[in-house]
Amino acid sequence: MDIQTHNNYKLEFIESPIKFGDAALGLVTTRSFPAIVGTADMRLKSSGVILVGYEKIGSGYCTAVVRGGIADVRLAVESGSKIAEKFGQLISHAVIPRP
């Protein structure tokens with residue numbers, strides 16, 4: 001881990017195991033927060049992805065974003081979408097390769 005200083009702030013850089021050409025973002029949107037928690041849990045357990053975060057986008061809708069390799073993100077979004085459909089809460093899902 002390298003520490004770089006800039007304007008008296010310490011910034012920590014952690015090297016990512018994901019190469020730039022193989023990177024992707026995956027998004028799943030549901031109708032409720034409990035559904036996005038279950039969906040995010042399944043996505044993280046199904047493949048080697050990292051949770052970037054989640055957003056409450058209004059009217060109860062929530063979106064969780066993961067990043068990782070393209071194949072891992074596709075698998076994670078597919079498994080998360082299946083869980084959200086099982087809950088009856090899926091709104092949309094998307095994979096953005098090489099963002």
# chains A, B, ... in the order shown; residues from 1 in each chain; ligands from 1
$ residues_around --residues "segment 84-95 of chain A" --least-positions-apart "5" --cutoff "12 Å" --atoms "only C-alpha atoms" --output "MDAnalysis selection string"
chainID A and resid 23:43 60:79
$ select_by_dssp --residues "segment 17-71 of chain A" --states "strand (DSSP E or B)" --output "list in words"
Ala23, Ala24, Leu25, Gly26, Leu27, Val28, Thr29, Thr30, Ile50, Leu51, Val52, Gly53, Tyr54, Glu55, Lys56, Ile57, Gly58, Tyr61, Cys62, Thr63, Ala64, Val65, Val66, Arg67, Gly68 and Gly69 of chain A
$ atom_distance --atom1 "atom CA of Lys45 of chain A" --atom2 "atom CA of Pro97 of chain A"
20.5 Å
$ atom_distance --atom1 "atom CA of Arg98 of chain A" --atom2 "atom CA of Val49 of chain A"
14.6 Å
$ atom_distance --atom1 "atom CA of Leu44 of chain A" --atom2 "atom CA of Lys56 of chain A"
19.1 Å
$ select_by_dssp --residues "segment 5-99 of chain A" --states "alpha helix (DSSP H)" --output "PyMOL selection string"
chain A and resi 33-46+70-87
$ write_last_selection --atoms "N, CA and C atoms" --output "mmCIF file, in the first residue's frame"
data_model
loop_
_atom_site.group_PDB
_atom_site.id
_atom_site.type_symbol
_atom_site.label_atom_id
_atom_site.label_comp_id
_atom_site.auth_asym_id
_atom_site.auth_seq_id
_atom_site.Cartn_x
_atom_site.Cartn_y
_atom_site.Cartn_z
ATOM 1 N N PHE A 33 -35.697 -1.472 0.101
ATOM 2 C CA PHE A 33 -34.368 -1.623 0.683
ATOM 3 C C PHE A 33 -34.085 -3.061 1.124
ATOM 4 N N PRO A 34 -35.030 -3.753 1.786
ATOM 5 C CA PRO A 34 -34.734 -5.150 2.149
ATOM 6 C C PRO A 34 -34.431 -6.029 0.939
ATOM 7 N N ALA A 35 -35.075 -5.760 -0.168
ATOM 8 C CA ALA A 35 -34.810 -6.547 -1.379
ATOM 9 C C ALA A 35 -33.403 -6.272 -1.906
ATOM 10 N N ILE A 36 -32.942 -5.029 -1.828
ATOM 11 C CA ILE A 36 -31.598 -4.714 -2.332
ATOM 12 C C ILE A 36 -30.536 -5.318 -1.419
ATOM 13 N N VAL A 37 -30.817 -5.438 -0.135
ATOM 14 C CA VAL A 37 -29.866 -6.079 0.786
ATOM 15 C C VAL A 37 -29.721 -7.557 0.429
ATOM 16 N N GLY A 38 -30.840 -8.241 0.222
ATOM 17 C CA GLY A 38 -30.793 -9.650 -0.168
ATOM 18 C C GLY A 38 -30.137 -9.850 -1.518
ATOM 19 N N THR A 39 -30.431 -8.955 -2.443
ATOM 20 C CA THR A 39 -29.846 -9.020 -3.778
ATOM 21 C C THR A 39 -28.341 -8.783 -3.727
ATOM 22 N N ALA A 40 -27.913 -7.763 -2.992
ATOM 23 C CA ALA A 40 -26.483 -7.463 -2.881
ATOM 24 C C ALA A 40 -25.744 -8.613 -2.201
ATOM 25 N N ASP A 41 -26.353 -9.207 -1.191
ATOM 26 C CA ASP A 41 -25.748 -10.344 -0.502
ATOM 27 C C ASP A 41 -25.507 -11.491 -1.475
ATOM 28 N N MET A 42 -26.491 -11.813 -2.290
ATOM 29 C CA MET A 42 -26.347 -12.907 -3.250
ATOM 30 C C MET A 42 -25.300 -12.566 -4.309
ATOM 31 N N ARG A 43 -25.256 -11.327 -4.735
ATOM 32 C CA ARG A 43 -24.285 -10.926 -5.754
ATOM 33 C C ARG A 43 -22.867 -11.055 -5.223
ATOM 34 N N LEU A 44 -22.638 -10.653 -3.980
ATOM 35 C CA LEU A 44 -21.298 -10.727 -3.411
ATOM 36 C C LEU A 44 -20.865 -12.159 -3.147
ATOM 37 N N LYS A 45 -21.810 -13.026 -2.819
ATOM 38 C CA LYS A 45 -21.474 -14.420 -2.541
ATOM 39 C C LYS A 45 -21.312 -15.253 -3.805
ATOM 40 N N SER A 46 -21.910 -14.819 -4.929
ATOM 41 C CA SER A 46 -21.913 -15.641 -6.131
ATOM 42 C C SER A 46 -20.634 -15.514 -6.954
ATOM 43 N N ILE A 70 -15.441 -8.482 -15.984
ATOM 44 C CA ILE A 70 -16.673 -8.523 -16.772
ATOM 45 C C ILE A 70 -17.460 -9.808 -16.521
ATOM 46 N N ALA A 71 -16.798 -10.944 -16.549
ATOM 47 C CA ALA A 71 -17.490 -12.221 -16.349
ATOM 48 C C ALA A 71 -18.085 -12.315 -14.944
ATOM 49 N N ASP A 72 -17.325 -11.880 -13.942
ATOM 50 C CA ASP A 72 -17.821 -11.918 -12.564
ATOM 51 C C ASP A 72 -19.022 -11.003 -12.381
ATOM 52 N N VAL A 73 -18.971 -9.818 -12.972
ATOM 53 C CA VAL A 73 -20.086 -8.872 -12.831
ATOM 54 C C VAL A 73 -21.328 -9.404 -13.523
ATOM 55 N N ARG A 74 -21.170 -9.987 -14.717
ATOM 56 C CA ARG A 74 -22.337 -10.565 -15.417
ATOM 57 C C ARG A 74 -22.987 -11.663 -14.571
ATOM 58 N N LEU A 75 -22.157 -12.532 -13.996
ATOM 59 C CA LEU A 75 -22.676 -13.602 -13.141
ATOM 60 C C LEU A 75 -23.372 -13.031 -11.910
ATOM 61 N N ALA A 76 -22.766 -12.020 -11.293
ATOM 62 C CA ALA A 76 -23.343 -11.412 -10.091
ATOM 63 C C ALA A 76 -24.677 -10.739 -10.395
ATOM 64 N N VAL A 77 -24.760 -10.005 -11.500
ATOM 65 C CA VAL A 77 -26.005 -9.326 -11.862
ATOM 66 C C VAL A 77 -27.097 -10.344 -12.178
ATOM 67 N N GLU A 78 -26.736 -11.417 -12.855
ATOM 68 C CA GLU A 78 -27.715 -12.457 -13.175
ATOM 69 C C GLU A 78 -28.261 -13.111 -11.905
ATOM 70 N N SER A 79 -27.376 -13.461 -10.968
ATOM 71 C CA SER A 79 -27.842 -14.106 -9.737
ATOM 72 C C SER A 79 -28.627 -13.127 -8.862
ATOM 73 N N GLY A 80 -28.196 -11.872 -8.808
ATOM 74 C CA GLY A 80 -28.938 -10.867 -8.042
ATOM 75 C C GLY A 80 -30.309 -10.595 -8.628
ATOM 76 N N SER A 81 -30.393 -10.574 -9.949
ATOM 77 C CA SER A 81 -31.677 -10.347 -10.615
ATOM 78 C C SER A 81 -32.652 -11.484 -10.342
ATOM 79 N N LYS A 82 -32.140 -12.714 -10.327
ATOM 80 C CA LYS A 82 -33.010 -13.858 -10.036
ATOM 81 C C LYS A 82 -33.594 -13.771 -8.630
ATOM 82 N N ILE A 83 -32.770 -13.357 -7.664
ATOM 83 C CA ILE A 83 -33.250 -13.218 -6.289
ATOM 84 C C ILE A 83 -34.287 -12.108 -6.194
ATOM 85 N N ALA A 84 -34.019 -10.977 -6.844
ATOM 86 C CA ALA A 84 -34.973 -9.859 -6.807
ATOM 87 C C ALA A 84 -36.293 -10.250 -7.467
ATOM 88 N N GLU A 85 -36.233 -11.009 -8.565
ATOM 89 C CA GLU A 85 -37.460 -11.501 -9.208
ATOM 90 C C GLU A 85 -38.212 -12.451 -8.276
ATOM 91 N N LYS A 86 -37.465 -13.271 -7.559
ATOM 92 C CA LYS A 86 -38.075 -14.209 -6.611
ATOM 93 C C LYS A 86 -38.840 -13.442 -5.526
ATOM 94 N N PHE A 87 -38.294 -12.294 -5.095
ATOM 95 C CA PHE A 87 -38.979 -11.430 -4.129
ATOM 96 C C PHE A 87 -40.109 -10.641 -4.769
#
